[in-house]
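Below: one structure, written as structure tokens.
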Amino acid sequence: MRHALNFIAITLLTGFCSDAHAQQQNAELGAQPAPGTTAALTLRAGESLHVVIERGFRIKRLQQAVTGEVTEPVFIADRQVIAAGSVVHGRITSLATAGGKLRAGRLLAGDFTPPKAVTVTFDELVGIGGQSISLETEEATPLQSTKMFLHKNKQDRPKVEEQVKVRLSSVIHTPNKLQKFAEAAVTSLPFHPEFIDEGTVFNSRLLADVTIPASSLSTNSKVSAEPSDYLRLRLLTPLNSESVRAKQPIEAVVSAPFYDDQQKLIYPAGLVLSGNVTQANPARWFQKQGSLNFQFTSVTSTQGELQRIDARVSGVEAGKGQALSIDDEGAMKVTYSTLKRITAPLSLIGPSRGLADPSRDKTAFQRGGQGRKGFGLAGTGAAQASASAAVGFGYYGAARKLYGAFIAKGTDVDLPADTSLLLTMNR
């Protein structure tokens, strides 16, 4: 009987200890994700979000709501934490009147509306499944619609006829045509409300760390180890061909993981690349365009070691109004449209016909057309005074076009901080 009781006591005690040990193990493993799930990841302050406005809107007041979409995915090492297309919400935090060249250019074109200088901050990211994630970003200024300009061989560059076809196609197939038409009609008035146009870009840097919860990360957030065509970077040093000088040091950060042909991770997101400016030529008068060349020569590894790299710039994201060409050495230069040079002299035909036959009585529509070419809708009204006034406005508009096409100062290569770059690695 005594032996039976001892056996029962030992069995109960062993079971109790086993349960306690199991509970302790479960508590230790509680912070680890179960198989097939993803742990929460923290996005550090200083990371940049590229946000585009998908639908334009009228600027009304401070604290006005702003909604956009993330255009580029955000990575931590080899894991994607924010997908392209994620929705972000923010607000207008400052609203002032801009001056300088922008105001002067508008006045010369017959637009008397003071341009507004706007800054926006974003405070909410909508994750997977609609979960709200709080953000704190720096104030960001709007940038015009951007485009990735890639290196092209001379024979692959578009001809004038192709440029015309592309422009016509963009007009025909552009989304939200009715909204754009309405905005264009309103902004053609001498006094009009201001808009943030569709395609406007904001580069917003995080002011504080952001924890992306596991529920907002897909289980396959780890990027597939496919060989990368380009090493994707985000520029940390702002560059402008007018102000930078040769040998100036520059830095950029890897924005997407880079794999080699053996599917080995070579450069995880977050590594810093260092280099220098090799050449910088500012823009000059008579449409002499600015040019810029720089190269990255080293990268700081995850162990803090400095490693040499051999690469050249093959792509850069810039405003569509700043068309860039990239040569075989990675040097970039602003290109000026040949089409504009061809069409500028044609603007002399209208007023010249009126000047050749001053006795001809122009219709109100004809006078209005010449006036609008020179001074917008304000010129349309003023040109109704007489045929001579219409001819004068027509010549004024032609002079502005000829000045812009042949005499005006060219455009500098301007790459603000957080500009996206593509490097081709010489493997």
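Every chain in the structure tokens takes a letter, A first, then B, and so on in the order presented; its residues are numbered from 1, and the ligands are numbered from 1 following the presented order.
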Legend entry - Those of range 356-409 of chain A in DSSP alpha helix (DSSP H), formatted as an MDAnalysis selection string: chainID A and resid 356 364:382 387:402
Legend entry - Residues near Ser386 in chain A, cut-off 12 Å, only C-alpha atoms, skip fewer than 2 positions along chain, as a list in words: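 My reading of the contact set: Gly354, Pro358, Ser359, Arg360, Asp361, Lys362, Thr363, Ala364, Gln366, Arg367, Gly368, Gln370, Gly371, Gly379, Thr380, Gly381, Ala382, Ala383, Gln384, Ser388, Ala389, Ala390, Val391, Gly392 and Phe393 of chain A.
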Inset, instruction - Go through A:Pro345, A:Gly46, A:Pro238, A:Pro213 one by one, measure the shortest atom-to-atom distance of each to Ala417 in chain A using only C-alpha atoms, and give the residue with the smallest value. - result: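 Counting only C-alpha atoms, the residue closest to Ala417 in chain A is A:Pro238.
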Inset, instruction - Using only C-alpha atoms, determine which residues lie at most 6 Å from range 240-252 of chain A, disregarding the query and same-chain residues fewer than 3 positions distant; provide the list as JSON, numbers by chain. - result: {"A": [234, 235, 236, 237, 272, 273, 274, 275, 276, 277, 278, 279, 280, 281, 282, 292, 412, 413, 414]}
Go ahead and save the residues from that selection, with N, CA, C and O atoms, as a CSV table (one decimal), in the first residue's frame.
```
chain,number,residue,atom,x,y,z
A,234,ARG,N,18.5,55.5,-53.2
A,234,ARG,CA,17.8,56.7,-52.9
A,234,ARG,C,18.9,57.7,-52.5
A,234,ARG,O,19.7,57.5,-51.6
A,235,LEU,N,19.0,58.8,-53.3
A,235,LEU,CA,20.0,59.8,-53.1
A,235,LEU,C,19.9,60.6,-51.8
A,235,LEU,O,18.8,61.0,-51.4
A,236,LEU,N,21.0,60.6,-51.0
A,236,LEU,CA,21.0,61.3,-49.8
A,236,LEU,C,21.5,62.7,-49.9
A,236,LEU,O,21.2,63.6,-49.1
A,237,THR,N,22.4,63.0,-50.9
A,237,THR,CA,23.0,64.3,-51.1
A,237,THR,C,22.3,65.0,-52.2
A,237,THR,O,22.4,64.5,-53.4
A,272,VAL,N,24.8,52.0,-47.2
A,272,VAL,CA,25.1,53.4,-47.7
A,272,VAL,C,26.3,53.3,-48.7
A,272,VAL,O,27.3,52.7,-48.4
A,273,LEU,N,26.1,53.9,-49.9
A,273,LEU,CA,27.1,54.0,-50.9
A,273,LEU,C,27.7,55.4,-50.9
A,273,LEU,O,27.0,56.4,-50.6
A,274,SER,N,29.0,55.5,-51.1
A,274,SER,CA,29.7,56.7,-51.2
A,274,SER,C,30.4,56.9,-52.5
A,274,SER,O,30.8,55.9,-53.2
A,275,GLY,N,30.5,58.2,-52.9
A,275,GLY,CA,31.1,58.5,-54.2
A,275,GLY,C,31.5,59.9,-54.3
A,275,GLY,O,31.6,60.6,-53.3
A,276,ASN,N,31.6,60.4,-55.5
A,276,ASN,CA,31.9,61.8,-55.7
A,276,ASN,C,31.4,62.3,-57.1
A,276,ASN,O,31.2,61.5,-58.0
A,277,VAL,N,31.3,63.6,-57.2
A,277,VAL,CA,30.9,64.3,-58.5
A,277,VAL,C,32.2,64.3,-59.3
A,277,VAL,O,33.3,64.7,-58.9
A,278,THR,N,32.1,63.8,-60.6
A,278,THR,CA,33.2,63.9,-61.5
A,278,THR,C,33.2,65.0,-62.5
A,278,THR,O,34.2,65.5,-63.0
A,279,GLN,N,32.0,65.5,-62.7
A,279,GLN,CA,31.8,66.7,-63.7
A,279,GLN,C,30.5,67.4,-63.4
A,279,GLN,O,29.5,66.7,-63.2
A,280,ALA,N,30.5,68.7,-63.5
A,280,ALA,CA,29.3,69.5,-63.3
A,280,ALA,C,29.4,70.8,-64.2
A,280,ALA,O,30.4,71.5,-64.0
A,281,ASN,N,28.5,70.9,-65.1
A,281,ASN,CA,28.5,72.1,-66.0
A,281,ASN,C,27.1,72.8,-65.8
A,281,ASN,O,26.1,72.2,-66.1
A,282,PRO,N,27.1,74.1,-65.4
A,282,PRO,CA,25.9,74.8,-65.2
A,282,PRO,C,25.2,75.1,-66.5
A,282,PRO,O,25.9,75.2,-67.6
A,292,LEU,N,25.7,66.8,-65.6
A,292,LEU,CA,26.2,66.3,-64.4
A,292,LEU,C,26.6,64.9,-64.5
A,292,LEU,O,26.0,64.1,-65.2
A,412,ASP,N,19.2,73.5,-65.5
A,412,ASP,CA,20.2,72.7,-64.8
A,412,ASP,C,19.7,71.4,-64.4
A,412,ASP,O,18.5,71.2,-64.2
A,413,VAL,N,20.6,70.4,-64.3
A,413,VAL,CA,20.2,69.1,-63.7
A,413,VAL,C,20.0,69.3,-62.2
A,413,VAL,O,20.9,69.6,-61.5
A,414,ASP,N,18.8,69.0,-61.8
A,414,ASP,CA,18.4,69.2,-60.4
A,414,ASP,C,17.9,67.9,-59.8
A,414,ASP,O,16.9,67.4,-60.2
```
Legend entry - Distance criterion (only C-alpha atoms): nearest to Ile76 in chain A out of A:Arg44, A:Lys101, A:Arg61, A:Lys340: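 The closest residue to Ile76 in chain A is A:Arg44.
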